[in-house]
Structures are given as structure tokens and as C-alpha cells.
$ cat run-v6.cif   # mmCIF, C-alpha atoms
data_model
loop_
_atom_site.label_atom_id
_atom_site.label_comp_id
_atom_site.auth_asym_id
_atom_site.auth_seq_id
_atom_site.Cartn_x
_atom_site.Cartn_y
_atom_site.Cartn_z
CA MET L 1 0.00 0.00 0.00
CA ARG L 2 2.88 2.39 0.82
CA SER L 3 4.44 1.84 -2.61
CA LEU L 4 1.19 2.63 -4.43
CA GLN L 5 0.73 5.74 -2.29
CA LYS L 6 4.31 6.83 -3.04
CA ASP L 7 3.87 6.19 -6.80
CA THR L 8 0.63 8.17 -6.83
CA ARG L 9 2.25 11.01 -4.93
CA THR L 10 5.27 11.06 -7.29
CA THR L 11 2.98 11.08 -10.34
CA ALA L 12 0.90 13.93 -8.95
CA LEU L 13 3.99 15.91 -7.99
CA THR L 14 5.53 15.37 -11.43
CA GLY L 15 2.32 16.69 -13.01
CA LEU L 16 2.41 19.76 -10.79
CA LEU L 17 6.08 20.29 -11.60
CA PHE L 18 5.35 20.09 -15.32
CA ALA L 19 2.60 22.70 -14.96
CA LEU L 20 4.98 24.91 -12.99
CA ALA L 21 7.70 24.47 -15.63
CA MET L 22 5.26 25.53 -18.37
CA ALA L 23 4.13 28.56 -16.35
CA LEU L 24 7.75 29.61 -15.79
CA SER L 25 8.52 29.09 -19.47
CA PHE L 26 5.54 31.25 -20.45
CA PHE L 27 6.56 33.93 -17.96
CA GLU L 28 10.09 33.85 -19.34
CA SER L 29 8.81 34.32 -22.89
CA THR L 30 6.75 37.35 -21.84
CA ILE L 31 9.68 39.13 -20.19
CA GLY L 32 12.08 38.16 -22.97
CA GLY L 33 11.42 41.40 -24.82
CA LEU L 34 12.00 43.47 -21.69
CA ILE L 35 15.46 42.03 -21.10
CA ALA L 36 17.91 42.65 -23.92
CA LEU L 37 19.50 39.21 -24.30
CA PRO L 38 21.50 38.05 -27.32
CA ALA L 39 19.85 35.66 -29.79
CA GLY L 40 19.24 32.16 -28.46
CA ILE L 41 19.76 33.05 -24.80
CA LYS L 42 17.02 32.56 -22.22
CA LEU L 43 17.07 32.68 -18.44
CA GLY L 44 16.09 29.02 -18.10
CA LEU L 45 13.64 29.52 -15.23
CA SER L 46 11.85 26.24 -15.89
CA ASN L 47 15.13 24.44 -15.27
CA ILE L 48 14.65 25.20 -11.57
CA VAL L 49 11.84 22.67 -11.72
CA VAL L 50 13.97 20.07 -13.50
CA LEU L 51 16.76 20.57 -10.94
CA PHE L 52 14.28 20.06 -8.09
CA SER L 53 12.94 16.93 -9.74
CA LEU L 54 16.43 15.54 -10.27
CA LEU L 55 17.46 16.20 -6.68
CA THR L 56 14.29 15.04 -4.96
CA LEU L 57 12.33 12.66 -7.19
CA GLY L 58 15.21 11.13 -9.12
CA LYS L 59 16.39 10.85 -12.67
CA ARG L 60 13.27 9.10 -13.97
CA SER L 61 11.04 12.04 -13.08
CA ALA L 62 13.63 14.55 -14.28
CA PHE L 63 13.86 12.88 -17.70
CA LEU L 64 10.08 12.68 -17.88
CA LEU L 65 9.91 16.44 -17.29
CA ILE L 66 12.58 17.03 -19.94
CA PHE L 67 10.62 14.92 -22.42
CA LEU L 68 7.34 16.69 -21.57
CA LYS L 69 8.98 20.11 -21.93
CA ALA L 70 10.33 19.06 -25.35
CA LEU L 71 6.91 17.75 -26.37
CA PHE L 72 5.35 21.05 -25.32
CA ALA L 73 7.97 22.95 -27.37
CA LEU L 74 7.27 20.66 -30.32
CA LEU L 75 3.52 21.27 -30.15
CA SER L 76 3.71 25.01 -29.46
CA ARG L 77 6.76 26.12 -31.48
CA GLY L 78 7.54 23.34 -33.96
CA ALA L 79 9.85 20.41 -34.60
CA VAL L 80 13.13 22.34 -34.39
CA ALA L 81 12.22 23.84 -31.02
CA GLY L 82 11.21 20.42 -29.74
CA LEU L 83 14.47 18.83 -30.89
CA LEU L 84 16.58 21.66 -29.44
CA SER L 85 14.72 21.43 -26.13
CA LEU L 86 15.18 17.66 -25.96
CA SER L 87 18.87 17.70 -26.90
CA GLY L 88 19.69 20.50 -24.47
CA GLY L 89 17.67 18.94 -21.67
CA ILE L 90 19.24 15.50 -22.03
CA CYS L 91 22.78 16.92 -22.11
CA SER L 92 22.06 19.13 -19.11
CA ALA L 93 20.60 16.33 -16.99
CA ALA L 94 23.40 13.93 -17.96
CA VAL L 95 26.10 16.39 -16.87
CA MET L 96 24.33 17.23 -13.61
CA MET L 97 23.85 13.52 -12.81
CA ALA L 98 27.50 12.82 -13.58
CA LEU L 99 28.59 15.59 -11.23
CA MET L 100 26.24 14.35 -8.52
CA ALA L 101 27.62 10.82 -8.87
CA LEU L 102 31.26 11.77 -8.40
CA PRO L 103 32.51 10.51 -5.03
CA HIS L 104 33.96 12.98 -2.55
CA LEU L 105 32.90 15.95 -4.60
CA LEU L 106 30.53 18.39 -3.03
CA VAL L 107 28.92 20.39 -5.79
CA GLY L 108 26.67 23.26 -4.79
CA TYR L 109 23.44 24.09 -6.57
CA ARG L 110 25.00 27.06 -8.34
CA VAL L 111 27.87 25.01 -9.81
CA LEU L 112 25.54 22.13 -10.65
CA SER L 113 23.13 24.47 -12.40
CA ALA L 114 25.89 26.38 -14.24
CA ALA L 115 27.35 23.10 -15.53
CA GLY L 116 23.87 22.04 -16.59
CA GLY L 117 23.34 25.39 -18.34
CA CYS L 118 26.58 25.02 -20.29
CA ALA L 119 25.74 21.43 -21.24
CA HIS L 120 22.25 22.52 -22.30
CA ASN L 121 23.71 25.12 -24.64
CA ILE L 122 26.27 22.66 -26.03
CA GLY L 123 23.51 20.13 -26.73
CA GLN L 124 21.37 22.75 -28.44
CA ILE L 125 24.16 24.21 -30.58
CA ALA L 126 25.26 20.71 -31.64
CA ALA L 127 21.70 19.81 -32.65
CA ALA L 128 21.29 23.13 -34.47
CA ALA L 129 24.58 22.60 -36.33
CA LEU L 130 23.37 19.16 -37.45
CA ILE L 131 20.00 20.51 -38.57
CA ILE L 132 21.37 23.52 -40.42
CA ARG L 133 24.52 21.66 -41.53
CA ASN L 134 26.65 24.67 -40.86
CA ARG L 135 29.66 24.40 -38.60
CA TYR L 136 29.90 28.18 -38.34
CA LEU L 137 27.20 28.01 -35.69
CA LEU L 138 29.90 26.65 -33.40
CA TYR L 139 31.54 30.09 -33.40
CA TYR L 140 28.63 31.23 -31.25
CA LEU L 141 29.45 28.58 -28.64
CA PRO L 142 31.69 30.81 -26.44
CA VAL L 143 28.83 33.30 -26.09
CA LEU L 144 26.44 30.50 -25.21
CA LEU L 145 28.87 28.98 -22.70
CA LEU L 146 29.26 32.30 -20.93
CA ALA L 147 25.49 32.69 -20.95
CA GLY L 148 25.12 29.15 -19.60
CA ILE L 149 27.45 29.92 -16.70
CA ILE L 150 25.68 33.19 -15.84
CA THR L 151 22.10 31.98 -16.23
CA GLY L 152 22.93 28.64 -14.60
CA PHE L 153 24.44 30.46 -11.63
CA LEU L 154 21.30 32.61 -11.37
CA THR L 155 19.06 29.55 -11.66
CA GLY L 156 21.08 27.77 -8.96
CA THR L 157 20.81 30.84 -6.75
CA ALA L 158 17.05 30.93 -7.26
CA TYR L 159 16.85 27.22 -6.44
CA SER L 160 18.86 27.76 -3.25
CA ALA L 161 16.44 30.49 -2.19
CA LEU L 162 13.37 28.40 -3.05
CA GLU L 163 14.62 25.08 -1.72
CA PRO L 164 13.01 25.34 1.75
CA TYR L 165 9.63 25.98 0.13
CA LEU L 166 10.05 23.32 -2.54
CA ASN L 167 11.03 20.75 0.09
CA ARG L 168 7.64 21.24 1.74
CA TRP L 169 6.14 19.47 -1.27
CA LYS L 170 8.54 16.60 -0.79
CA SER L 171 8.04 16.20 2.93
CA ALA L 172 4.28 16.84 3.23
CA ARG L 173 2.30 13.76 4.16
CA PRO L 174 -1.00 12.96 2.42
#
$ encode --input "run-v6.cif" --output "C-alpha cells"
Amino acid sequence: MRSLQKDTRTTALTGLLFALAMALSFFESTIGGLIALPAGIKLGLSNIVVLFSLLTLGKRSAFLLIFLKALFALLSRGAVAGLLSLSGGICSAAVMMALMALPHLLVGYRVLSAAGGCAHNIGQIAAAALIIRNRYLLYYLPVLLLAGIITGFLTGTAYSALEPYLNRWKSARP
């Protein structure tokens, strides 16, 4: 009975996290015009949700969220957006999981998120270079890596500030 209750709770929480990720993504798209960012650079606010999922619910839920975010991008913005979202999300999660798995290495949320942001941008630029078949896109990579460090650090800082409130979801009993 406990296992079924836990599975139901994880499913419900994953659904809520997906809704939150979509709301943050929408919010980010509305303020995008107010903040003068170079082409292809976003704040990555919905990645706070993926980071929470990875740290609290595990990699299965995190990859499900990444897939659902990519599906949403596919349905709302087209195939290229869906593929870029999926490739960036998978690379980001893989790097963060690898860092979390290293023994004797304490990685803070800011470093974890910055590494994930850089990996996300590498995954997206690699997928874009394959789609467009133009290696000159790779010249934009240093800009994207710097952006990944900065936005990842900001996302990690936001996660650190929100963690006590997010953990209430994890620890609340039905």
C-alpha cells in the first residue's frame, strides 16, 4: 500500500512540476522582450523545476519532465524547437547527474546548475549545427557557454532560495 501511495504522490507531484515548468517558461517568454539578451539566450527559469525533480524525485522524473517540456515545445513552437529542447535537456541532466555521482565531490546548486546550463547550450548548438549543416554556428558557442554559466548560476541561486519551500512538497504527508 505504501508503494502505491508513493507512486501516486510522485505522479501527482511530477504533473504539478510540469505545470509549474510551463508557467515559468511562459513567464520567461513574456519578459524576454524586456530584457535585452542576445539571440538564443534565455534565463532558463523552468530548469529550476527540473533541478528540483532531479534532486528530490530522481532521474526518472527529471527525464520525464525534460521529455514533456520538449513535447510542449514541439507542439507550441515546432519540430526544431522540440528537438533543441530535448537535446539540451538530455545533455544538461546527464552532466548534472555525472557531477552528482562523483565521489567525494561536493557540488553546490550554483555550480551544478551552471554546468547544466553550459551542457544545455552545447547540446542545443550541436543539434542546431546538425540541422542547419553549418559548422559556423559553433563560433557562437563561447557566447552560449558564458550565458550558460551566468544563467545557470542565477538559476542555482534561485533554487537555493526556493529550496526550503520546494522541500515542503517533498516532505508533506498525504
$ resolve_selection --input "run-v6.cif" --expression "the PyMOL selection byres ((chain L and resi 151-156) around 7)" --output "list of chain:residue names"
L:Leu43, L:Gly44, L:Leu45, L:Ile48, L:Tyr109, L:Arg110, L:Val111, L:Ser113, L:Ala114, L:Gly116, L:Gly117, L:Ala147, L:Gly148, L:Ile149, L:Ile150, L:Thr157, L:Ala158, L:Tyr159, L:Ser160
$ write_last_selection --input "run-v6.cif" --atoms "C-alpha atoms" --output "short mmCIF file (atom, residue, chain, number, x, y, z; two decimals), in the frame of the given file"
data_model
loop_
_atom_site.label_atom_id
_atom_site.label_comp_id
_atom_site.auth_asym_id
_atom_site.auth_seq_id
_atom_site.Cartn_x
_atom_site.Cartn_y
_atom_site.Cartn_z
CA LEU L 43 17.07 32.68 -18.44
CA GLY L 44 16.09 29.02 -18.10
CA LEU L 45 13.64 29.52 -15.23
CA ILE L 48 14.65 25.20 -11.57
CA TYR L 109 23.44 24.09 -6.57
CA ARG L 110 25.00 27.06 -8.34
CA VAL L 111 27.87 25.01 -9.81
CA SER L 113 23.13 24.47 -12.40
CA ALA L 114 25.89 26.38 -14.24
CA GLY L 116 23.87 22.04 -16.59
CA GLY L 117 23.34 25.39 -18.34
CA ALA L 147 25.49 32.69 -20.95
CA GLY L 148 25.12 29.15 -19.60
CA ILE L 149 27.45 29.92 -16.70
CA ILE L 150 25.68 33.19 -15.84
CA THR L 157 20.81 30.84 -6.75
CA ALA L 158 17.05 30.93 -7.26
CA TYR L 159 16.85 27.22 -6.44
CA SER L 160 18.86 27.76 -3.25
#
$ atom_distance --input "run-v6.cif" --atom1 "CA of Ile131 in chain L" --atom2 "CA of Leu64 in chain L"
24.2 Å
$ residues_around --input "run-v6.cif" --residues "range 92-106 of chain L" --least-positions-apart "5" --cutoff "6 Å" --atoms "all atoms listed in the file" --output "VMD selection string"
chain L and resid 112 116 119 to 120
$ residues_around --input "run-v6.cif" --residues "Ala81 in chain L" --least-positions-apart "2" --cutoff "12 Å" --atoms "all atoms listed in the file" --output "compact mmCIF listing (two decimals) with C-alpha atoms, keeping the file's coordinate frame"
# COMPACT_ATOMS: atom_id res chain seq x y z
CA GLY L 40 19.24 32.16 -28.46
CA LYS L 69 8.98 20.11 -21.93
CA ALA L 70 10.33 19.06 -25.35
CA LEU L 71 6.91 17.75 -26.37
CA PHE L 72 5.35 21.05 -25.32
CA ALA L 73 7.97 22.95 -27.37
CA LEU L 74 7.27 20.66 -30.32
CA LEU L 75 3.52 21.27 -30.15
CA SER L 76 3.71 25.01 -29.46
CA ARG L 77 6.76 26.12 -31.48
CA GLY L 78 7.54 23.34 -33.96
CA ALA L 79 9.85 20.41 -34.60
CA LEU L 83 14.47 18.83 -30.89
CA LEU L 84 16.58 21.66 -29.44
CA SER L 85 14.72 21.43 -26.13
CA LEU L 86 15.18 17.66 -25.96
CA SER L 87 18.87 17.70 -26.90
CA GLY L 88 19.69 20.50 -24.47
CA GLY L 89 17.67 18.94 -21.67
CA GLN L 124 21.37 22.75 -28.44
CA ILE L 125 24.16 24.21 -30.58
CA ALA L 127 21.70 19.81 -32.65
CA ALA L 128 21.29 23.13 -34.47
CA ILE L 131 20.00 20.51 -38.57
$ resolve_selection --input "run-v6.cif" --expression "the PyMOL selection byres ((chain L and resi 52) around 9)" --output "mmCIF file with C-alpha atoms, keeping the file's coordinate frame"
data_model
loop_
_atom_site.group_PDB
_atom_site.id
_atom_site.type_symbol
_atom_site.label_atom_id
_atom_site.label_comp_id
_atom_site.auth_asym_id
_atom_site.auth_seq_id
_atom_site.Cartn_x
_atom_site.Cartn_y
_atom_site.Cartn_z
ATOM 1 C CA LEU L 17 6.080 20.290 -11.600
ATOM 2 C CA ASN L 47 15.130 24.440 -15.270
ATOM 3 C CA ILE L 48 14.650 25.200 -11.570
ATOM 4 C CA VAL L 49 11.840 22.670 -11.720
ATOM 5 C CA VAL L 50 13.970 20.070 -13.500
ATOM 6 C CA LEU L 51 16.760 20.570 -10.940
ATOM 7 C CA SER L 53 12.940 16.930 -9.740
ATOM 8 C CA LEU L 54 16.430 15.540 -10.270
ATOM 9 C CA LEU L 55 17.460 16.200 -6.680
ATOM 10 C CA THR L 56 14.290 15.040 -4.960
ATOM 11 C CA LEU L 57 12.330 12.660 -7.190
ATOM 12 C CA ALA L 62 13.630 14.550 -14.280
ATOM 13 C CA TYR L 159 16.850 27.220 -6.440
ATOM 14 C CA GLU L 163 14.620 25.080 -1.720
ATOM 15 C CA LEU L 166 10.050 23.320 -2.540
ATOM 16 C CA ASN L 167 11.030 20.750 0.090
#
$ atom_distance --input "run-v6.cif" --atom1 "CA of Asn121 in chain L" --atom2 "CA of Phe26 in chain L"
19.6 Å
$ closest_residue --input "run-v6.cif" --among "L:Leu137, L:Ala115, L:Ala39, L:Ala12" --to "Ser61 in chain L" --atoms "all atoms listed in the file"
L:Ala12
$ closest_residue --input "run-v6.cif" --among "L:Leu13, L:Ser46, L:Arg133, L:Leu146" --to "Ser25 in chain L" --atoms "only C-alpha atoms"
L:Ser46
$ atom_distance --input "run-v6.cif" --atom1 "CA of Pro38 in chain L" --atom2 "CA of Val143 in chain L"
8.8 Å
$ build_atoms --input "run-v6.cif" --residues "range 73-97 of chain L" --atoms "N, CA and C atoms" --output "short mmCIF file (atom, residue, chain, number, x, y, z; two decimals), in the coordinates of the input"
data_model
loop_
_atom_site.label_atom_id
_atom_site.label_comp_id
_atom_site.auth_asym_id
_atom_site.auth_seq_id
_atom_site.Cartn_x
_atom_site.Cartn_y
_atom_site.Cartn_z
N ALA L 73 7.30 22.08 -26.39
CA ALA L 73 7.97 22.95 -27.37
C ALA L 73 7.64 22.50 -28.79
N LEU L 74 7.62 21.19 -29.01
CA LEU L 74 7.27 20.66 -30.32
C LEU L 74 5.87 21.10 -30.73
N LEU L 75 4.92 20.95 -29.83
CA LEU L 75 3.52 21.27 -30.15
C LEU L 75 3.27 22.77 -30.25
N SER L 76 3.98 23.57 -29.48
CA SER L 76 3.71 25.01 -29.46
C SER L 76 4.61 25.83 -30.38
N ARG L 77 5.82 25.32 -30.68
CA ARG L 77 6.76 26.12 -31.48
C ARG L 77 7.36 25.36 -32.66
N GLY L 78 7.08 24.09 -32.79
CA GLY L 78 7.54 23.34 -33.96
C GLY L 78 8.60 22.30 -33.66
N ALA L 79 8.95 21.56 -34.73
CA ALA L 79 9.85 20.41 -34.60
C ALA L 79 11.26 20.83 -34.18
N VAL L 80 11.77 21.91 -34.73
CA VAL L 80 13.13 22.34 -34.39
C VAL L 80 13.21 22.72 -32.92
N ALA L 81 12.23 23.46 -32.44
CA ALA L 81 12.22 23.84 -31.02
C ALA L 81 12.13 22.62 -30.12
N GLY L 82 11.32 21.64 -30.52
CA GLY L 82 11.21 20.42 -29.74
C GLY L 82 12.52 19.65 -29.69
N LEU L 83 13.19 19.55 -30.84
CA LEU L 83 14.47 18.83 -30.89
C LEU L 83 15.54 19.57 -30.08
N LEU L 84 15.59 20.88 -30.20
CA LEU L 84 16.58 21.66 -29.44
C LEU L 84 16.33 21.55 -27.94
N SER L 85 15.06 21.58 -27.55
CA SER L 85 14.72 21.43 -26.13
C SER L 85 15.13 20.06 -25.61
N LEU L 86 14.85 19.03 -26.39
CA LEU L 86 15.18 17.66 -25.96
C LEU L 86 16.69 17.46 -25.88
N SER L 87 17.42 17.90 -26.91
CA SER L 87 18.87 17.70 -26.90
C SER L 87 19.54 18.48 -25.78
N GLY L 88 19.12 19.71 -25.57
CA GLY L 88 19.69 20.50 -24.47
C GLY L 88 19.34 19.92 -23.11
N GLY L 89 18.10 19.49 -22.95
CA GLY L 89 17.67 18.94 -21.67
C GLY L 89 18.38 17.65 -21.31
N ILE L 90 18.55 16.77 -22.29
CA ILE L 90 19.24 15.50 -22.03
C ILE L 90 20.70 15.74 -21.66
N CYS L 91 21.36 16.62 -22.42
CA CYS L 91 22.78 16.92 -22.11
C CYS L 91 22.91 17.54 -20.72
N SER L 92 22.02 18.46 -20.41
CA SER L 92 22.06 19.13 -19.11
C SER L 92 21.89 18.14 -17.96
N ALA L 93 20.86 17.31 -18.06
CA ALA L 93 20.60 16.33 -16.99
C ALA L 93 21.75 15.33 -16.87
N ALA L 94 22.30 14.90 -18.00
CA ALA L 94 23.40 13.93 -17.96
C ALA L 94 24.62 14.51 -17.24
N VAL L 95 24.95 15.76 -17.53
CA VAL L 95 26.10 16.39 -16.87
C VAL L 95 25.83 16.58 -15.38
N MET L 96 24.64 17.03 -15.03
CA MET L 96 24.33 17.23 -13.61
C MET L 96 24.34 15.90 -12.85
N MET L 97 23.82 14.83 -13.46
CA MET L 97 23.85 13.52 -12.81
C MET L 97 25.28 13.01 -12.66
#
